[in-house]
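To be precise, the following lines are model-v7.cif, and they hold mmCIF, N, CA and C atoms.
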```cif
data_final
loop_
_atom_site.group_PDB
_atom_site.id
_atom_site.type_symbol
_atom_site.label_atom_id
_atom_site.label_comp_id
_atom_site.auth_asym_id
_atom_site.auth_seq_id
_atom_site.Cartn_x
_atom_site.Cartn_y
_atom_site.Cartn_z
ATOM 1 N N MET A 1 142.553 6.946 99.086
ATOM 2 C CA MET A 1 141.859 8.151 99.521
ATOM 3 C C MET A 1 141.073 8.727 98.352
ATOM 4 N N ARG A 2 139.855 9.134 98.612
ATOM 5 C CA ARG A 2 138.970 9.649 97.577
ATOM 6 C C ARG A 2 139.281 11.113 97.272
ATOM 7 N N GLU A 3 139.229 11.476 95.990
ATOM 8 C CA GLU A 3 139.428 12.859 95.569
ATOM 9 C C GLU A 3 138.240 13.702 96.036
ATOM 10 N N THR A 4 138.522 14.851 96.670
ATOM 11 C CA THR A 4 137.445 15.720 97.100
ATOM 12 C C THR A 4 137.493 17.085 96.407
ATOM 13 N N HIS A 5 138.628 17.427 95.814
ATOM 14 C CA HIS A 5 138.764 18.699 95.105
ATOM 15 C C HIS A 5 139.434 18.466 93.758
ATOM 16 N N LYS A 6 138.988 19.210 92.765
ATOM 17 C CA LYS A 6 139.598 19.183 91.447
ATOM 18 C C LYS A 6 140.309 20.517 91.242
ATOM 19 N N PRO A 7 141.269 20.590 90.309
ATOM 20 C CA PRO A 7 141.916 21.876 90.023
ATOM 21 C C PRO A 7 140.877 22.888 89.531
ATOM 22 N N PRO A 8 141.103 24.191 89.794
ATOM 23 C CA PRO A 8 140.149 25.200 89.324
ATOM 24 C C PRO A 8 139.896 25.094 87.823
ATOM 25 N N LEU A 9 138.637 25.228 87.457
ATOM 26 C CA LEU A 9 138.223 25.110 86.061
ATOM 27 C C LEU A 9 139.017 26.048 85.153
ATOM 28 N N GLY A 10 139.239 27.284 85.608
ATOM 29 C CA GLY A 10 139.942 28.278 84.812
ATOM 30 C C GLY A 10 141.393 27.939 84.531
ATOM 31 N N THR A 11 141.968 26.995 85.259
ATOM 32 C CA THR A 11 143.343 26.561 84.985
ATOM 33 C C THR A 11 143.376 25.435 83.951
ATOM 34 N N LEU A 12 142.229 24.849 83.679
ATOM 35 C CA LEU A 12 142.156 23.721 82.746
ATOM 36 C C LEU A 12 141.631 24.105 81.368
ATOM 37 N N MET A 13 140.936 25.253 81.294
ATOM 38 C CA MET A 13 140.309 25.654 80.036
ATOM 39 C C MET A 13 139.951 27.135 80.091
ATOM 40 N N ARG A 14 139.596 27.673 78.944
ATOM 41 C CA ARG A 14 139.062 29.029 78.898
ATOM 42 C C ARG A 14 137.594 28.961 79.297
ATOM 43 N N CYS A 15 137.207 29.839 80.226
ATOM 44 C CA CYS A 15 135.814 29.867 80.642
ATOM 45 C C CYS A 15 135.471 31.269 81.143
ATOM 46 N N GLY A 16 134.198 31.580 81.139
ATOM 47 C CA GLY A 16 133.741 32.879 81.603
ATOM 48 C C GLY A 16 132.279 32.824 81.968
ATOM 49 N N LEU A 17 131.858 33.771 82.785
ATOM 50 C CA LEU A 17 130.485 33.837 83.245
ATOM 51 C C LEU A 17 129.848 35.119 82.756
ATOM 52 N N LEU A 18 128.694 35.006 82.118
ATOM 53 C CA LEU A 18 127.916 36.158 81.675
ATOM 54 C C LEU A 18 126.586 36.128 82.415
ATOM 55 N N THR A 19 126.166 37.288 82.921
ATOM 56 C CA THR A 19 124.870 37.382 83.603
ATOM 57 C C THR A 19 124.168 38.651 83.157
ATOM 58 N N ASP A 20 122.859 38.681 83.400
ATOM 59 C CA ASP A 20 122.123 39.928 83.200
ATOM 60 C C ASP A 20 121.162 40.113 84.366
ATOM 61 N N GLU A 21 120.627 41.322 84.483
ATOM 62 C CA GLU A 21 119.770 41.630 85.621
ATOM 63 C C GLU A 21 118.419 40.926 85.563
ATOM 64 N N GLY A 22 118.114 40.325 84.424
ATOM 65 C CA GLY A 22 116.859 39.589 84.283
ATOM 66 C C GLY A 22 116.929 38.155 84.770
ATOM 67 N N GLY A 23 118.098 37.724 85.242
ATOM 68 C CA GLY A 23 118.217 36.379 85.797
ATOM 69 C C GLY A 23 118.828 35.350 84.876
ATOM 70 N N LYS A 24 119.362 35.767 83.732
ATOM 71 C CA LYS A 24 120.064 34.812 82.876
ATOM 72 C C LYS A 24 121.522 34.725 83.301
ATOM 73 N N ALA A 25 122.031 33.518 83.316
ATOM 74 C CA ALA A 25 123.435 33.301 83.651
ATOM 75 C C ALA A 25 123.982 32.202 82.745
ATOM 76 N N LEU A 26 125.101 32.493 82.084
ATOM 77 C CA LEU A 26 125.752 31.545 81.185
ATOM 78 C C LEU A 26 127.184 31.336 81.634
ATOM 79 N N LEU A 27 127.577 30.094 81.777
ATOM 80 C CA LEU A 27 128.970 29.763 82.016
ATOM 81 C C LEU A 27 129.488 29.172 80.715
ATOM 82 N N MET A 28 130.321 29.928 80.028
ATOM 83 C CA MET A 28 130.832 29.488 78.728
ATOM 84 C C MET A 28 132.199 28.841 78.928
ATOM 85 N N HIS A 29 132.441 27.750 78.196
ATOM 86 C CA HIS A 29 133.703 27.024 78.343
ATOM 87 C C HIS A 29 134.083 26.402 77.009
ATOM 88 N N ASP A 30 135.384 26.183 76.807
ATOM 89 C CA ASP A 30 135.852 25.688 75.510
ATOM 90 C C ASP A 30 136.262 24.218 75.511
ATOM 91 N N GLN A 31 136.024 23.522 76.618
ATOM 92 C CA GLN A 31 136.271 22.079 76.691
ATOM 93 C C GLN A 31 135.097 21.435 77.421
ATOM 94 N N GLU A 32 134.964 20.133 77.254
ATOM 95 C CA GLU A 32 133.858 19.435 77.917
ATOM 96 C C GLU A 32 134.026 19.463 79.429
ATOM 97 N N ILE A 33 132.911 19.583 80.123
ATOM 98 C CA ILE A 33 132.875 19.552 81.580
ATOM 99 C C ILE A 33 131.885 18.458 81.984
ATOM 100 N N PRO A 34 132.292 17.557 82.876
ATOM 101 C CA PRO A 34 131.299 16.605 83.383
ATOM 102 C C PRO A 34 130.168 17.389 84.063
ATOM 103 N N THR A 35 128.946 16.951 83.897
ATOM 104 C CA THR A 35 127.803 17.661 84.465
ATOM 105 C C THR A 35 127.846 17.577 85.993
ATOM 106 N N PRO A 36 127.950 18.741 86.659
ATOM 107 C CA PRO A 36 127.917 18.716 88.125
ATOM 108 C C PRO A 36 126.495 18.483 88.623
ATOM 109 N N ASP A 37 126.380 18.055 89.871
ATOM 110 C CA ASP A 37 125.060 17.894 90.475
ATOM 111 C C ASP A 37 124.423 19.256 90.712
ATOM 112 N N TRP A 38 125.227 20.245 91.084
ATOM 113 C CA TRP A 38 124.774 21.624 91.220
ATOM 114 C C TRP A 38 125.986 22.539 91.201
ATOM 115 N N ILE A 39 125.726 23.848 91.118
ATOM 116 C CA ILE A 39 126.777 24.853 91.227
ATOM 117 C C ILE A 39 126.435 25.712 92.431
ATOM 118 N N GLU A 40 127.450 25.977 93.250
ATOM 119 C CA GLU A 40 127.221 26.688 94.503
ATOM 120 C C GLU A 40 127.935 28.037 94.477
ATOM 121 N N PHE A 41 127.203 29.083 94.885
ATOM 122 C CA PHE A 41 127.800 30.409 94.992
ATOM 123 C C PHE A 41 128.068 30.719 96.453
ATOM 124 N N ASP A 42 129.324 31.050 96.751
ATOM 125 C CA ASP A 42 129.726 31.433 98.099
ATOM 126 C C ASP A 42 129.878 32.951 98.103
ATOM 127 N N GLU A 43 128.909 33.627 98.697
ATOM 128 C CA GLU A 43 128.877 35.093 98.692
ATOM 129 C C GLU A 43 130.026 35.691 99.508
ATOM 130 N N VAL A 44 130.471 35.010 100.549
ATOM 131 C CA VAL A 44 131.568 35.516 101.378
ATOM 132 C C VAL A 44 132.878 35.511 100.585
ATOM 133 N N GLU A 45 133.145 34.415 99.876
ATOM 134 C CA GLU A 45 134.375 34.292 99.094
ATOM 135 C C GLU A 45 134.231 34.839 97.680
ATOM 136 N N ASN A 46 133.005 35.155 97.255
ATOM 137 C CA ASN A 46 132.718 35.566 95.870
ATOM 138 C C ASN A 46 133.249 34.545 94.873
ATOM 139 N N LYS A 47 132.887 33.283 95.108
ATOM 140 C CA LYS A 47 133.347 32.203 94.249
ATOM 141 C C LYS A 47 132.188 31.288 93.870
ATOM 142 N N LEU A 48 132.334 30.693 92.695
ATOM 143 C CA LEU A 48 131.404 29.663 92.228
ATOM 144 C C LEU A 48 132.110 28.321 92.264
ATOM 145 N N TYR A 49 131.428 27.320 92.782
ATOM 146 C CA TYR A 49 131.983 25.972 92.868
ATOM 147 C C TYR A 49 131.070 24.987 92.152
ATOM 148 N N LEU A 50 131.660 24.101 91.382
ATOM 149 C CA LEU A 50 130.923 22.984 90.797
ATOM 150 C C LEU A 50 130.955 21.872 91.837
ATOM 151 N N VAL A 51 129.803 21.295 92.122
ATOM 152 C CA VAL A 51 129.725 20.236 93.125
ATOM 153 C C VAL A 51 129.256 18.963 92.434
ATOM 154 N N TYR A 52 130.065 17.907 92.586
ATOM 155 C CA TYR A 52 129.805 16.632 91.938
ATOM 156 C C TYR A 52 129.412 15.575 92.963
ATOM 157 N N GLU A 53 128.995 14.447 92.449
ATOM 158 C CA GLU A 53 128.631 13.302 93.266
ATOM 159 C C GLU A 53 129.715 13.009 94.302
ATOM 160 N N HIS A 54 129.307 12.573 95.453
ATOM 161 C CA HIS A 54 130.199 12.199 96.558
ATOM 162 C C HIS A 54 130.972 13.389 97.119
ATOM 163 N N GLY A 55 130.484 14.622 96.904
ATOM 164 C CA GLY A 55 131.101 15.783 97.520
ATOM 165 C C GLY A 55 132.349 16.319 96.848
ATOM 166 N N VAL A 56 132.660 15.869 95.651
ATOM 167 C CA VAL A 56 133.819 16.400 94.926
ATOM 168 C C VAL A 56 133.495 17.826 94.504
ATOM 169 N N ILE A 57 134.417 18.760 94.801
ATOM 170 C CA ILE A 57 134.194 20.188 94.559
ATOM 171 C C ILE A 57 135.257 20.717 93.603
ATOM 172 N N GLN A 58 134.824 21.615 92.703
ATOM 173 C CA GLN A 58 135.752 22.265 91.778
ATOM 174 C C GLN A 58 135.450 23.759 91.726
ATOM 175 N N ASP A 59 136.430 24.566 92.121
ATOM 176 C CA ASP A 59 136.317 26.019 92.022
ATOM 177 C C ASP A 59 136.354 26.380 90.533
ATOM 178 N N THR A 60 135.505 27.323 90.126
ATOM 179 C CA THR A 60 135.561 27.746 88.720
ATOM 180 C C THR A 60 136.787 28.611 88.463
ATOM 181 N N GLY A 61 137.311 29.244 89.506
ATOM 182 C CA GLY A 61 138.454 30.135 89.327
ATOM 183 C C GLY A 61 138.066 31.493 88.763
ATOM 184 N N LEU A 62 136.776 31.765 88.690
ATOM 185 C CA LEU A 62 136.304 33.030 88.122
ATOM 186 C C LEU A 62 136.162 34.089 89.212
ATOM 187 N N GLU A 63 136.523 35.332 88.867
ATOM 188 C CA GLU A 63 136.314 36.452 89.783
ATOM 189 C C GLU A 63 134.872 36.927 89.626
ATOM 190 N N ILE A 64 134.160 37.007 90.730
ATOM 191 C CA ILE A 64 132.757 37.399 90.709
ATOM 192 C C ILE A 64 132.640 38.801 91.311
ATOM 193 N N ASP A 65 132.291 39.782 90.483
ATOM 194 C CA ASP A 65 132.186 41.160 90.970
ATOM 195 C C ASP A 65 130.797 41.424 91.563
ATOM 196 N N THR A 66 130.610 42.631 92.105
ATOM 197 C CA THR A 66 129.360 42.979 92.785
ATOM 198 C C THR A 66 128.152 42.927 91.866
ATOM 199 N N LEU A 67 128.276 43.440 90.650
ATOM 200 C CA LEU A 67 127.158 43.416 89.708
ATOM 201 C C LEU A 67 126.772 41.980 89.354
ATOM 202 N N THR A 68 127.765 41.137 89.117
ATOM 203 C CA THR A 68 127.494 39.733 88.806
ATOM 204 C C THR A 68 126.829 39.043 89.995
ATOM 205 N N THR A 69 127.299 39.352 91.196
ATOM 206 C CA THR A 69 126.677 38.788 92.408
ATOM 207 C C THR A 69 125.200 39.159 92.466
ATOM 208 N N ASP A 70 124.904 40.435 92.258
ATOM 209 C CA ASP A 70 123.499 40.882 92.265
ATOM 210 C C ASP A 70 122.683 40.128 91.221
ATOM 211 N N ASN A 71 123.244 39.936 90.038
ATOM 212 C CA ASN A 71 122.534 39.223 88.973
ATOM 213 C C ASN A 71 122.317 37.754 89.322
ATOM 214 N N LEU A 72 123.286 37.134 89.988
ATOM 215 C CA LEU A 72 123.137 35.726 90.364
ATOM 216 C C LEU A 72 121.973 35.526 91.330
ATOM 217 N N PHE A 73 121.717 36.502 92.173
ATOM 218 C CA PHE A 73 120.605 36.385 93.125
ATOM 219 C C PHE A 73 119.245 36.447 92.436
ATOM 220 N N GLU A 74 119.223 36.722 91.142
ATOM 221 C CA GLU A 74 117.975 36.775 90.372
ATOM 222 C C GLU A 74 117.680 35.469 89.632
ATOM 223 N N THR A 75 118.527 34.446 89.837
ATOM 224 C CA THR A 75 118.329 33.195 89.109
ATOM 225 C C THR A 75 118.474 31.991 90.029
ATOM 226 N N ASN A 76 118.072 30.833 89.537
ATOM 227 C CA ASN A 76 118.253 29.589 90.289
ATOM 228 C C ASN A 76 118.942 28.521 89.442
ATOM 229 N N GLU A 77 119.473 28.947 88.282
ATOM 230 C CA GLU A 77 120.203 28.001 87.436
ATOM 231 C C GLU A 77 121.204 28.751 86.570
ATOM 232 N N ILE A 78 122.226 28.028 86.169
ATOM 233 C CA ILE A 78 123.229 28.559 85.245
ATOM 234 C C ILE A 78 123.274 27.623 84.053
ATOM 235 N N THR A 79 123.223 28.204 82.867
ATOM 236 C CA THR A 79 123.327 27.399 81.652
ATOM 237 C C THR A 79 124.791 27.289 81.255
ATOM 238 N N PHE A 80 125.284 26.058 81.188
ATOM 239 C CA PHE A 80 126.646 25.812 80.732
ATOM 240 C C PHE A 80 126.602 25.742 79.216
ATOM 241 N N VAL A 81 127.477 26.484 78.551
ATOM 242 C CA VAL A 81 127.524 26.507 77.094
ATOM 243 C C VAL A 81 128.923 26.103 76.654
ATOM 244 N N HIS A 82 129.012 24.973 75.960
ATOM 245 C CA HIS A 82 130.292 24.483 75.446
ATOM 246 C C HIS A 82 130.493 25.055 74.043
ATOM 247 N N TYR A 83 131.517 25.890 73.904
ATOM 248 C CA TYR A 83 131.845 26.505 72.611
ATOM 249 C C TYR A 83 132.990 25.767 71.958
ATOM 250 N N ILE A 84 132.825 25.462 70.668
ATOM 251 C CA ILE A 84 133.894 24.864 69.869
ATOM 252 C C ILE A 84 134.044 25.719 68.618
ATOM 253 N N GLU A 85 135.246 26.254 68.444
ATOM 254 C CA GLU A 85 135.545 27.104 67.291
ATOM 255 C C GLU A 85 134.509 28.218 67.117
ATOM 256 N N GLY A 86 134.138 28.865 68.230
ATOM 257 C CA GLY A 86 133.237 30.008 68.193
ATOM 258 C C GLY A 86 131.766 29.690 68.062
ATOM 259 N N LYS A 87 131.392 28.424 68.099
ATOM 260 C CA LYS A 87 129.983 28.039 67.992
ATOM 261 C C LYS A 87 129.542 27.283 69.237
ATOM 262 N N ALA A 88 128.329 27.583 69.681
ATOM 263 C CA ALA A 88 127.755 26.859 70.816
ATOM 264 C C ALA A 88 127.385 25.462 70.354
ATOM 265 N N GLU A 89 128.067 24.467 70.901
ATOM 266 C CA GLU A 89 127.838 23.078 70.487
ATOM 267 C C GLU A 89 126.929 22.312 71.437
ATOM 268 N N ALA A 90 126.946 22.678 72.702
ATOM 269 C CA ALA A 90 126.124 21.954 73.675
ATOM 270 C C ALA A 90 125.766 22.887 74.820
ATOM 271 N N GLN A 91 124.575 22.683 75.372
ATOM 272 C CA GLN A 91 124.130 23.471 76.514
ATOM 273 C C GLN A 91 123.511 22.540 77.546
ATOM 274 N N GLN A 92 123.701 22.889 78.806
ATOM 275 C CA GLN A 92 123.044 22.148 79.877
ATOM 276 C C GLN A 92 122.762 23.107 81.028
ATOM 277 N N LYS A 93 121.611 22.950 81.642
ATOM 278 C CA LYS A 93 121.223 23.801 82.758
ATOM 279 C C LYS A 93 121.598 23.087 84.054
ATOM 280 N N VAL A 94 122.197 23.859 84.966
ATOM 281 C CA VAL A 94 122.616 23.314 86.251
ATOM 282 C C VAL A 94 122.025 24.199 87.350
ATOM 283 N N THR A 95 121.467 23.571 88.370
ATOM 284 C CA THR A 95 120.857 24.285 89.485
ATOM 285 C C THR A 95 121.909 25.079 90.252
ATOM 286 N N LEU A 96 121.569 26.323 90.554
ATOM 287 C CA LEU A 96 122.426 27.210 91.342
ATOM 288 C C LEU A 96 121.895 27.251 92.761
ATOM 289 N N VAL A 97 122.765 27.010 93.735
ATOM 290 C CA VAL A 97 122.404 27.143 95.142
ATOM 291 C C VAL A 97 123.331 28.162 95.777
ATOM 292 N N PHE A 98 122.880 28.754 96.860
ATOM 293 C CA PHE A 98 123.660 29.767 97.559
ATOM 294 C C PHE A 98 124.103 29.213 98.897
ATOM 295 N N LYS A 99 125.410 29.286 99.131
ATOM 296 C CA LYS A 99 125.951 28.792 100.397
ATOM 297 C C LYS A 99 125.409 29.640 101.533
ATOM 298 N N GLU A 100 124.946 28.979 102.564
ATOM 299 C CA GLU A 100 124.413 29.691 103.723
ATOM 300 C C GLU A 100 125.554 30.305 104.505
ATOM 301 N N ILE A 101 125.311 31.520 104.956
ATOM 302 C CA ILE A 101 126.352 32.242 105.704
ATOM 303 C C ILE A 101 126.164 32.006 107.188
#
```
Kindly present the structure from the file in structure tokens form.
Amino acid sequence: MRETHKPPLGTLMRCGLLTDEGGKALLMHDQEIPTPDWIEFDEVENKLYLVYEHGVIQDTGLEIDTLTTDNLFETNEITFVHYIEGKAEAQQKVTLVFKEI
């Protein structure tokens, strides 16, 4: 049987989401993450999901508040920033899509 869900990202590493009203969004994490095909925001559940090839889904485990939700609607991508010992070591941009209600 093929894996379709991974454990929530927040249970595997330290991670957090920073946004601003100008449309910048950063997902910071302290361990390597395989590059997802896209990241999906579910406005009903207030959750972000990493979506990988063949439909494998991983919840970020992050709580998304109202202000962050508003800021996410101002962007179409999230920059993943891998931090090692307090320094940004790698960055990658991932397309943000919004789950249809």
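For segment 21-90 of chain A, backbone-based DSSP assignment of helix (DSSP H, G or I) covers Glu53, His54, Gly55, Thr66, Leu67, Thr68, Thr69, Asp70, Asn71 and Leu72 of chain A.
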* Given the file shown, enumerate the residues that the PyMOL selection byres ((chain A and resi 26-39) around 7) captures and present them as a VMD selection string. => chain A and resid 13 to 20 24 to 25 40 to 41 48 to 53 78 to 84 94 to 98
Writer output for current selection, N, CA and C atoms, as a PDB file, keeping the file's coordinate frame:
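again.pdb was written with the following content:
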```pdb
ATOM      1  N   MET A  13     140.936  25.253  81.294  1.00  0.00           N
ATOM      2  CA  MET A  13     140.309  25.654  80.036  1.00  0.00           C
ATOM      3  C   MET A  13     139.951  27.135  80.091  1.00  0.00           C
ATOM      4  N   ARG A  14     139.596  27.673  78.944  1.00  0.00           N
ATOM      5  CA  ARG A  14     139.062  29.029  78.898  1.00  0.00           C
ATOM      6  C   ARG A  14     137.594  28.961  79.297  1.00  0.00           C
ATOM      7  N   CYS A  15     137.207  29.839  80.226  1.00  0.00           N
ATOM      8  CA  CYS A  15     135.814  29.867  80.642  1.00  0.00           C
ATOM      9  C   CYS A  15     135.471  31.269  81.143  1.00  0.00           C
ATOM     10  N   GLY A  16     134.198  31.580  81.139  1.00  0.00           N
ATOM     11  CA  GLY A  16     133.741  32.879  81.603  1.00  0.00           C
ATOM     12  C   GLY A  16     132.279  32.824  81.968  1.00  0.00           C
ATOM     13  N   LEU A  17     131.858  33.771  82.785  1.00  0.00           N
ATOM     14  CA  LEU A  17     130.485  33.837  83.245  1.00  0.00           C
ATOM     15  C   LEU A  17     129.848  35.119  82.756  1.00  0.00           C
ATOM     16  N   LEU A  18     128.694  35.006  82.118  1.00  0.00           N
ATOM     17  CA  LEU A  18     127.916  36.158  81.675  1.00  0.00           C
ATOM     18  C   LEU A  18     126.586  36.128  82.415  1.00  0.00           C
ATOM     19  N   THR A  19     126.166  37.288  82.921  1.00  0.00           N
ATOM     20  CA  THR A  19     124.870  37.382  83.603  1.00  0.00           C
ATOM     21  C   THR A  19     124.168  38.651  83.157  1.00  0.00           C
ATOM     22  N   ASP A  20     122.859  38.681  83.400  1.00  0.00           N
ATOM     23  CA  ASP A  20     122.123  39.928  83.200  1.00  0.00           C
ATOM     24  C   ASP A  20     121.162  40.113  84.366  1.00  0.00           C
ATOM     25  N   LYS A  24     119.362  35.767  83.732  1.00  0.00           N
ATOM     26  CA  LYS A  24     120.064  34.812  82.876  1.00  0.00           C
ATOM     27  C   LYS A  24     121.522  34.725  83.301  1.00  0.00           C
ATOM     28  N   ALA A  25     122.031  33.518  83.316  1.00  0.00           N
ATOM     29  CA  ALA A  25     123.435  33.301  83.651  1.00  0.00           C
ATOM     30  C   ALA A  25     123.982  32.202  82.745  1.00  0.00           C
ATOM     31  N   GLU A  40     127.450  25.977  93.250  1.00  0.00           N
ATOM     32  CA  GLU A  40     127.221  26.688  94.503  1.00  0.00           C
ATOM     33  C   GLU A  40     127.935  28.037  94.477  1.00  0.00           C
ATOM     34  N   PHE A  41     127.203  29.083  94.885  1.00  0.00           N
ATOM     35  CA  PHE A  41     127.800  30.409  94.992  1.00  0.00           C
ATOM     36  C   PHE A  41     128.068  30.719  96.453  1.00  0.00           C
ATOM     37  N   LEU A  48     132.334  30.693  92.695  1.00  0.00           N
ATOM     38  CA  LEU A  48     131.404  29.663  92.228  1.00  0.00           C
ATOM     39  C   LEU A  48     132.110  28.321  92.264  1.00  0.00           C
ATOM     40  N   TYR A  49     131.428  27.320  92.782  1.00  0.00           N
ATOM     41  CA  TYR A  49     131.983  25.972  92.868  1.00  0.00           C
ATOM     42  C   TYR A  49     131.070  24.987  92.152  1.00  0.00           C
ATOM     43  N   LEU A  50     131.660  24.101  91.382  1.00  0.00           N
ATOM     44  CA  LEU A  50     130.923  22.984  90.797  1.00  0.00           C
ATOM     45  C   LEU A  50     130.955  21.872  91.837  1.00  0.00           C
ATOM     46  N   VAL A  51     129.803  21.295  92.122  1.00  0.00           N
ATOM     47  CA  VAL A  51     129.725  20.236  93.125  1.00  0.00           C
ATOM     48  C   VAL A  51     129.256  18.963  92.434  1.00  0.00           C
ATOM     49  N   TYR A  52     130.065  17.907  92.586  1.00  0.00           N
ATOM     50  CA  TYR A  52     129.805  16.632  91.938  1.00  0.00           C
ATOM     51  C   TYR A  52     129.412  15.575  92.963  1.00  0.00           C
ATOM     52  N   GLU A  53     128.995  14.447  92.449  1.00  0.00           N
ATOM     53  CA  GLU A  53     128.631  13.302  93.266  1.00  0.00           C
ATOM     54  C   GLU A  53     129.715  13.009  94.302  1.00  0.00           C
ATOM     55  N   ILE A  78     122.226  28.028  86.169  1.00  0.00           N
ATOM     56  CA  ILE A  78     123.229  28.559  85.245  1.00  0.00           C
ATOM     57  C   ILE A  78     123.274  27.623  84.053  1.00  0.00           C
ATOM     58  N   THR A  79     123.223  28.204  82.867  1.00  0.00           N
ATOM     59  CA  THR A  79     123.327  27.399  81.652  1.00  0.00           C
ATOM     60  C   THR A  79     124.791  27.289  81.255  1.00  0.00           C
ATOM     61  N   PHE A  80     125.284  26.058  81.188  1.00  0.00           N
ATOM     62  CA  PHE A  80     126.646  25.812  80.732  1.00  0.00           C
ATOM     63  C   PHE A  80     126.602  25.742  79.216  1.00  0.00           C
ATOM     64  N   VAL A  81     127.477  26.484  78.551  1.00  0.00           N
ATOM     65  CA  VAL A  81     127.524  26.507  77.094  1.00  0.00           C
ATOM     66  C   VAL A  81     128.923  26.103  76.654  1.00  0.00           C
ATOM     67  N   HIS A  82     129.012  24.973  75.960  1.00  0.00           N
ATOM     68  CA  HIS A  82     130.292  24.483  75.446  1.00  0.00           C
ATOM     69  C   HIS A  82     130.493  25.055  74.043  1.00  0.00           C
ATOM     70  N   TYR A  83     131.517  25.890  73.904  1.00  0.00           N
ATOM     71  CA  TYR A  83     131.845  26.505  72.611  1.00  0.00           C
ATOM     72  C   TYR A  83     132.990  25.767  71.958  1.00  0.00           C
ATOM     73  N   ILE A  84     132.825  25.462  70.668  1.00  0.00           N
ATOM     74  CA  ILE A  84     133.894  24.864  69.869  1.00  0.00           C
ATOM     75  C   ILE A  84     134.044  25.719  68.618  1.00  0.00           C
ATOM     76  N   VAL A  94     122.197  23.859  84.966  1.00  0.00           N
ATOM     77  CA  VAL A  94     122.616  23.314  86.251  1.00  0.00           C
ATOM     78  C   VAL A  94     122.025  24.199  87.350  1.00  0.00           C
ATOM     79  N   THR A  95     121.467  23.571  88.370  1.00  0.00           N
ATOM     80  CA  THR A  95     120.857  24.285  89.485  1.00  0.00           C
ATOM     81  C   THR A  95     121.909  25.079  90.252  1.00  0.00           C
ATOM     82  N   LEU A  96     121.569  26.323  90.554  1.00  0.00           N
ATOM     83  CA  LEU A  96     122.426  27.210  91.342  1.00  0.00           C
ATOM     84  C   LEU A  96     121.895  27.251  92.761  1.00  0.00           C
ATOM     85  N   VAL A  97     122.765  27.010  93.735  1.00  0.00           N
ATOM     86  CA  VAL A  97     122.404  27.143  95.142  1.00  0.00           C
ATOM     87  C   VAL A  97     123.331  28.162  95.777  1.00  0.00           C
ATOM     88  N   PHE A  98     122.880  28.754  96.860  1.00  0.00           N
ATOM     89  CA  PHE A  98     123.660  29.767  97.559  1.00  0.00           C
ATOM     90  C   PHE A  98     124.103  29.213  98.897  1.00  0.00           C
TER      91      PHE A  98
END
```
* Applied to the shown file, which residues does the PyMOL selection byres ((chain A and resi 58-66) around 6.5) return, written as number ranges by chain? -> A: 4-11, 46-52, 56-57, 67-71
* **Every residue of chain A that DSSP places in strand (DSSP E), as number ranges by chain** => A: 5-6, 15-19, 25-29, 38-42, 47-51, 57-59, 77-84, 87-98
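Atom CA of Asp42 of chain A is positioned 15.7 Å from atom CA of Gly55 of chain A.
As for atom N of Gly23 of chain A and atom C of Glu89 of chain A, they are spaced 22.5 Å apart.
Separating atom CA of Glu21 of chain A from atom CA of Thr75 of chain A is a distance of 9.2 Å.
If only C-alpha atoms are the atoms counted, then among A:Glu45, A:Leu12, A:Lys99, A:Gln92 the closest residue to Phe73 of chain A is A:Lys99.
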